[in-house]
Amino acid sequence: MTLNWKIGGLLLGLVFFAAVLLVKPIGVSTQFVILDGIIADLANPDLVTQTDEGYTSTNAYLAKSGGKYAKSVANPLNYSFVFVIAMVVGGFVSVMLRGGLDTAEKTMPALWRANFGDSAAKRNIAVFIGGFIVLYGARLAGGCTSGHMMSGMMQTSLSGYIFALGAFAAAVPVAMLLYKKEA
(Lines give C-alpha, C1' and ligand atoms only; values in the text may rest on other atoms or scores of the structure.)
Protein backbone atom coordinates (compact mmCIF):
# COMPACT_ATOMS: atom_id res chain seq x y z
CA MET A 1 0.00 0.00 0.00
CA THR A 2 2.01 2.96 -1.26
CA LEU A 3 0.56 6.45 -1.10
CA ASN A 4 0.77 8.50 -4.28
CA TRP A 5 3.11 11.47 -3.74
CA LYS A 6 0.47 13.93 -4.96
CA ILE A 7 -2.07 12.70 -2.44
CA GLY A 8 0.60 12.57 0.29
CA GLY A 9 1.66 16.14 -0.46
CA LEU A 10 -1.93 17.35 -0.39
CA LEU A 11 -2.58 15.57 2.91
CA LEU A 12 0.63 16.98 4.41
CA GLY A 13 -0.37 20.47 3.31
CA LEU A 14 -3.80 20.05 4.89
CA VAL A 15 -2.25 18.89 8.17
CA PHE A 16 0.09 21.90 8.22
CA PHE A 17 -2.78 24.24 7.37
CA ALA A 18 -4.98 22.77 10.12
CA ALA A 19 -2.13 23.01 12.64
CA VAL A 20 -1.48 26.68 11.88
CA LEU A 21 -5.19 27.50 11.78
CA LEU A 22 -6.10 25.67 15.00
CA VAL A 23 -2.99 25.85 17.18
CA LYS A 24 0.36 27.16 15.87
CA PRO A 25 2.97 26.51 13.18
CA ILE A 26 4.65 23.11 13.31
CA GLY A 27 8.23 22.76 14.54
CA VAL A 28 9.80 19.82 16.34
CA SER A 29 13.50 20.34 17.09
CA THR A 30 12.81 22.28 20.30
CA GLN A 31 11.07 19.21 21.68
CA PHE A 32 14.42 17.40 21.81
CA VAL A 33 15.56 20.12 24.21
CA ILE A 34 12.35 19.66 26.20
CA LEU A 35 12.93 15.88 26.37
CA ASP A 36 16.49 16.50 27.59
CA GLY A 37 15.06 18.88 30.20
CA ILE A 38 12.51 16.30 31.36
CA ILE A 39 15.25 13.71 31.82
CA ALA A 40 17.56 16.22 33.54
CA ASP A 41 14.71 17.35 35.81
CA LEU A 42 14.20 13.76 36.91
CA ALA A 43 17.89 13.58 37.89
CA ASN A 44 17.90 17.07 39.46
CA PRO A 45 14.44 18.12 40.70
CA ASP A 46 15.74 21.67 41.31
CA LEU A 47 16.35 22.21 37.58
CA VAL A 48 12.87 23.64 36.95
CA THR A 49 10.98 25.56 39.60
CA GLN A 50 7.65 27.33 39.69
CA THR A 51 7.57 30.91 40.94
CA ASP A 52 4.79 33.47 41.32
CA GLU A 53 5.67 34.78 37.83
CA GLY A 54 5.63 31.32 36.19
CA TYR A 55 8.38 28.78 35.61
CA THR A 56 12.13 29.23 35.61
CA SER A 57 15.21 27.06 35.52
CA THR A 58 18.81 27.04 36.68
CA ASN A 59 19.57 26.21 33.02
CA ALA A 60 19.76 29.48 31.07
CA TYR A 61 18.35 27.93 27.89
CA LEU A 62 15.27 26.55 29.65
CA ALA A 63 14.78 29.84 31.52
CA LYS A 64 14.84 32.02 28.38
CA SER A 65 11.67 33.43 26.81
CA GLY A 66 10.16 34.05 30.22
CA GLY A 67 10.54 30.40 31.24
CA LYS A 68 8.56 29.07 28.27
CA TYR A 69 10.80 26.01 27.90
CA ALA A 70 10.94 25.46 31.67
CA LYS A 71 7.13 25.38 31.68
CA SER A 72 7.15 22.78 28.90
CA VAL A 73 9.61 20.65 30.91
CA ALA A 74 7.39 20.89 34.00
CA ASN A 75 4.23 20.15 31.98
CA PRO A 76 5.32 17.92 29.08
CA LEU A 77 1.82 16.92 27.98
CA ASN A 78 1.48 20.00 25.82
CA TYR A 79 0.62 20.30 22.14
CA SER A 80 4.18 20.38 20.80
CA PHE A 81 5.52 17.45 22.82
CA VAL A 82 2.46 15.28 22.16
CA PHE A 83 2.74 16.18 18.46
CA VAL A 84 6.28 14.76 18.32
CA ILE A 85 5.18 11.57 20.09
CA ALA A 86 2.25 11.33 17.65
CA MET A 87 4.69 11.58 14.72
CA VAL A 88 6.52 8.49 15.96
CA VAL A 89 3.27 6.62 16.57
CA GLY A 90 1.97 7.72 13.16
CA GLY A 91 5.10 6.44 11.43
CA PHE A 92 4.70 3.09 13.16
CA VAL A 93 1.01 2.85 12.22
CA SER A 94 1.85 3.74 8.62
CA VAL A 95 4.42 0.93 8.40
CA MET A 96 1.96 -1.53 9.93
CA LEU A 97 -0.77 -0.51 7.47
CA ARG A 98 1.70 -1.17 4.64
CA GLY A 99 2.17 -4.68 5.97
CA GLY A 100 5.29 -4.00 8.02
CA LEU A 101 8.91 -4.25 6.95
CA ASP A 102 10.68 -7.41 5.89
CA THR A 103 13.59 -8.53 8.06
CA ALA A 104 16.27 -7.21 5.69
CA GLU A 105 14.67 -3.77 5.52
CA LYS A 106 14.31 -3.63 9.31
CA THR A 107 18.02 -4.09 9.84
CA MET A 108 19.25 -1.95 6.96
CA PRO A 109 17.55 -0.24 4.00
CA ALA A 110 18.35 -1.77 0.61
CA LEU A 111 19.55 1.59 -0.74
CA TRP A 112 22.13 1.87 2.05
CA ARG A 113 23.25 -1.73 1.53
CA ALA A 114 23.68 -1.18 -2.21
CA ASN A 115 25.91 1.87 -1.68
CA PHE A 116 27.80 1.17 1.53
CA GLY A 117 27.63 -2.57 2.24
CA ASP A 118 25.93 -4.34 5.09
CA SER A 119 28.02 -3.33 8.10
CA ALA A 120 25.58 -2.52 10.91
CA ALA A 121 28.28 -0.67 12.84
CA LYS A 122 29.05 1.58 9.84
CA ARG A 123 25.33 2.32 9.40
CA ASN A 124 24.79 3.09 13.10
CA ILE A 125 27.80 5.42 13.22
CA ALA A 126 26.68 7.24 10.06
CA VAL A 127 23.11 7.60 11.36
CA PHE A 128 24.32 8.92 14.72
CA ILE A 129 26.70 11.44 13.15
CA GLY A 130 24.08 12.56 10.62
CA GLY A 131 21.43 12.94 13.31
CA PHE A 132 23.84 14.89 15.52
CA ILE A 133 24.74 17.27 12.69
CA VAL A 134 21.10 17.85 11.74
CA LEU A 135 19.99 18.45 15.33
CA TYR A 136 22.99 20.71 16.06
CA GLY A 137 22.26 22.71 12.92
CA ALA A 138 18.58 22.96 13.78
CA ARG A 139 19.36 24.33 17.23
CA LEU A 140 22.00 26.66 15.81
CA ALA A 141 19.48 27.98 13.27
CA GLY A 142 16.75 28.33 15.88
CA GLY A 143 14.53 25.67 14.32
CA CYS A 144 14.29 22.64 12.11
CA THR A 145 13.15 22.02 8.55
CA SER A 146 9.52 21.65 9.59
CA GLY A 147 9.60 25.00 11.34
CA HIS A 148 11.74 26.99 8.92
CA MET A 149 10.86 25.45 5.61
CA MET A 150 7.45 23.87 5.81
CA SER A 151 5.71 26.17 8.29
CA GLY A 152 7.72 29.16 7.09
CA MET A 153 6.84 28.68 3.44
CA MET A 154 3.20 28.07 4.30
CA GLN A 155 3.17 31.45 6.01
CA THR A 156 4.93 32.98 2.98
CA SER A 157 7.99 33.83 5.05
CA LEU A 158 10.94 34.90 2.89
CA SER A 159 13.32 33.12 5.28
CA GLY A 160 11.34 29.90 4.76
CA TYR A 161 11.85 30.07 1.00
CA ILE A 162 15.54 30.93 1.39
CA PHE A 163 16.00 28.04 3.83
CA ALA A 164 14.23 25.63 1.44
CA LEU A 165 16.41 26.75 -1.46
CA GLY A 166 19.56 26.29 0.62
CA ALA A 167 18.44 22.92 2.00
CA PHE A 168 17.71 21.47 -1.43
CA ALA A 169 20.79 23.09 -2.99
CA ALA A 170 22.89 21.18 -0.45
CA ALA A 171 20.85 17.96 -0.08
CA VAL A 172 20.38 17.03 -3.74
CA PRO A 173 24.07 17.09 -4.74
CA VAL A 174 25.11 15.31 -1.53
CA ALA A 175 22.50 12.59 -2.09
CA MET A 176 23.63 12.20 -5.69
CA LEU A 177 27.24 11.81 -4.54
CA LEU A 178 26.49 9.39 -1.71
CA TYR A 179 23.82 7.25 -3.33
CA LYS A 180 25.10 6.52 -6.83
CA LYS A 181 23.73 2.96 -6.91
CA GLU A 182 20.04 2.20 -6.83
CA ALA A 183 18.63 -0.57 -4.67
# chains A, B, ... in the order shown; residues from 1 in each chain; ligands from 1

$ residues_around --residues "A:Asn115" --least-positions-apart "6" --cutoff "8 Å" --atoms "only C-alpha atoms" --output "mmCIF file with N, CA, C and O atoms, in the first residue's frame"
data_model
loop_
_atom_site.group_PDB
_atom_site.id
_atom_site.type_symbol
_atom_site.label_atom_id
_atom_site.label_comp_id
_atom_site.auth_asym_id
_atom_site.auth_seq_id
_atom_site.Cartn_x
_atom_site.Cartn_y
_atom_site.Cartn_z
ATOM 1 N N LEU A 178 26.466 10.524 -2.642
ATOM 2 C CA LEU A 178 26.493 9.392 -1.709
ATOM 3 C C LEU A 178 25.760 8.156 -2.233
ATOM 4 O O LEU A 178 26.179 7.036 -1.991
ATOM 5 N N TYR A 179 24.654 8.362 -2.904
ATOM 6 C CA TYR A 179 23.815 7.253 -3.330
ATOM 7 C C TYR A 179 23.840 7.097 -4.853
ATOM 8 O O TYR A 179 22.842 7.330 -5.529
ATOM 9 N N LYS A 180 24.958 6.680 -5.382
ATOM 10 C CA LYS A 180 25.104 6.517 -6.825
ATOM 11 C C LYS A 180 24.413 5.265 -7.334
ATOM 12 O O LYS A 180 23.932 5.216 -8.451
ATOM 13 N N LYS A 181 24.368 4.224 -6.508
ATOM 14 C CA LYS A 181 23.732 2.959 -6.909
ATOM 15 C C LYS A 181 22.299 2.933 -6.430
ATOM 16 O O LYS A 181 21.981 3.405 -5.343
ATOM 17 N N GLU A 182 21.422 2.361 -7.240
ATOM 18 C CA GLU A 182 20.037 2.196 -6.833
ATOM 19 C C GLU A 182 19.853 0.813 -6.237
ATOM 20 O O GLU A 182 20.560 -0.119 -6.558
#

$ residues_around --residues "stretch 4-12 of chain A" --least-positions-apart "6" --cutoff "12 Å" --atoms "only C-alpha atoms" --output "list in words"
Ala18, Ala19, Ile26, Ser146, Met150, Ser151 and Met154 of chain A

$ closest_residue --among "A:Val15, A:Val73, A:Ile38, A:Val20" --to "A:Gln155" --atoms "only C-alpha atoms"
A:Val20

$ select_by_dssp --residues "chain A" --states "strand (DSSP E)" --output "list in words"
Val48, Thr49, Gln50, Thr51, Gly54, Tyr55, Thr56 and Ser57 of chain A

$ select_by_dssp --residues "stretch 49-174 of chain A" --states "alpha helix (DSSP H)" --output "PyMOL selection string"
chain A and resi 60-74+79-97+103-107+110-116+120-141+145+152-154+158-174

$ closest_atom_pairs --of "stretch 46-72 of chain A" --to "stretch 31-36 of chain A" --cutoff "10 Å" --atoms "only C-alpha atoms" --output "Markdown table"
| residue | atom | partner | partner_atom | distance |
| --- | --- | --- | --- | --- |
| A:Tyr61 | CA | A:Val33 | CA | 9.1 |
| A:Leu62 | CA | A:Ile34 | CA | 8.2 |
| A:Tyr69 | CA | A:Ile34 | CA | 6.8 |
| A:Ala70 | CA | A:Ile34 | CA | 8.1 |
| A:Lys71 | CA | A:Ile34 | CA | 9.5 |
| A:Ser72 | CA | A:Ile34 | CA | 6.6 |

$ residues_around --residues "A:Val48" --least-positions-apart "4" --cutoff "7 Å" --atoms "only C-alpha atoms" --output "PyMOL selection string"
chain A and resi 41+55-58+70+74

$ write_last_selection --atoms "all heavy atoms" --output "PDB file, in the first residue's frame"
ATOM      1  N   ASP A  41      15.532  16.986  34.646  1.00  0.00           N
ATOM      2  CA  ASP A  41      14.710  17.352  35.807  1.00  0.00           C
ATOM      3  C   ASP A  41      14.432  16.146  36.699  1.00  0.00           C
ATOM      4  O   ASP A  41      14.292  16.290  37.915  1.00  0.00           O
ATOM      5  CB  ASP A  41      13.406  18.005  35.342  1.00  0.00           C
ATOM      6  CG  ASP A  41      12.672  18.699  36.475  1.00  0.00           C
ATOM      7  OD1 ASP A  41      13.315  19.467  37.221  1.00  0.00           O
ATOM      8  OD2 ASP A  41      11.451  18.475  36.614  1.00  0.00           O
ATOM      9  N   TYR A  55       7.326  29.788  35.451  1.00  0.00           N
ATOM     10  CA  TYR A  55       8.377  28.784  35.608  1.00  0.00           C
ATOM     11  C   TYR A  55       9.737  29.370  35.270  1.00  0.00           C
ATOM     12  O   TYR A  55       9.843  30.274  34.436  1.00  0.00           O
ATOM     13  CB  TYR A  55       8.106  27.580  34.695  1.00  0.00           C
ATOM     14  CG  TYR A  55       6.945  26.746  35.157  1.00  0.00           C
ATOM     15  CD1 TYR A  55       5.652  27.033  34.745  1.00  0.00           C
ATOM     16  CD2 TYR A  55       7.140  25.671  36.010  1.00  0.00           C
ATOM     17  CE1 TYR A  55       4.579  26.280  35.173  1.00  0.00           C
ATOM     18  CE2 TYR A  55       6.075  24.908  36.449  1.00  0.00           C
ATOM     19  CZ  TYR A  55       4.795  25.217  36.029  1.00  0.00           C
ATOM     20  OH  TYR A  55       3.741  24.466  36.471  1.00  0.00           O
ATOM     21  N   THR A  56      10.760  28.843  35.913  1.00  0.00           N
ATOM     22  CA  THR A  56      12.128  29.231  35.609  1.00  0.00           C
ATOM     23  C   THR A  56      13.026  28.018  35.792  1.00  0.00           C
ATOM     24  O   THR A  56      12.568  26.967  36.240  1.00  0.00           O
ATOM     25  CB  THR A  56      12.610  30.420  36.466  1.00  0.00           C
ATOM     26  OG1 THR A  56      13.855  30.887  35.937  1.00  0.00           O
ATOM     27  CG2 THR A  56      12.757  30.025  37.931  1.00  0.00           C
ATOM     28  N   SER A  57      14.277  28.167  35.431  1.00  0.00           N
ATOM     29  CA  SER A  57      15.214  27.058  35.518  1.00  0.00           C
ATOM     30  C   SER A  57      16.603  27.574  35.853  1.00  0.00           C
ATOM     31  O   SER A  57      16.942  28.718  35.540  1.00  0.00           O
ATOM     32  CB  SER A  57      15.256  26.300  34.187  1.00  0.00           C
ATOM     33  OG  SER A  57      16.246  25.290  34.215  1.00  0.00           O
ATOM     34  N   THR A  58      17.404  26.713  36.459  1.00  0.00           N
ATOM     35  CA  THR A  58      18.808  27.038  36.676  1.00  0.00           C
ATOM     36  C   THR A  58      19.577  26.940  35.367  1.00  0.00           C
ATOM     37  O   THR A  58      20.683  27.434  35.261  1.00  0.00           O
ATOM     38  CB  THR A  58      19.429  26.092  37.723  1.00  0.00           C
ATOM     39  OG1 THR A  58      19.207  24.747  37.313  1.00  0.00           O
ATOM     40  CG2 THR A  58      18.817  26.318  39.097  1.00  0.00           C
ATOM     41  N   ALA A  70      11.022  26.039  30.321  1.00  0.00           N
ATOM     42  CA  ALA A  70      10.937  25.457  31.667  1.00  0.00           C
ATOM     43  C   ALA A  70       9.508  24.991  31.943  1.00  0.00           C
ATOM     44  O   ALA A  70       9.290  23.917  32.527  1.00  0.00           O
ATOM     45  CB  ALA A  70      11.388  26.468  32.714  1.00  0.00           C
ATOM     46  N   ALA A  74       8.214  21.196  32.823  1.00  0.00           N
ATOM     47  CA  ALA A  74       7.393  20.888  34.000  1.00  0.00           C
ATOM     48  C   ALA A  74       6.051  20.266  33.618  1.00  0.00           C
ATOM     49  O   ALA A  74       5.499  19.457  34.366  1.00  0.00           O
ATOM     50  CB  ALA A  74       7.171  22.153  34.820  1.00  0.00           C
TER      51      ALA A  74
END

$ atom_distance --atom1 "atom CA of A:Ile129" --atom2 "atom CA of A:Phe92"
23.5 Å

$ atom_distance --atom1 "atom CA of A:Leu21" --atom2 "atom CA of A:Tyr161"
20.3 Å

$ closest_residue --among "A:Pro76, A:Gly166, A:Gly66, A:Gly131" --to "A:His148" --atoms "only C-alpha atoms"
A:Gly166

$ atom_distance --atom1 "atom CA of A:Ala170" --atom2 "atom CA of A:Ile85"
28.8 Å

$ closest_residue --among "A:Ala60, A:Ile162, A:Val23, A:Val174" --to "A:Gly37" --atoms "only C-alpha atoms"
A:Ala60
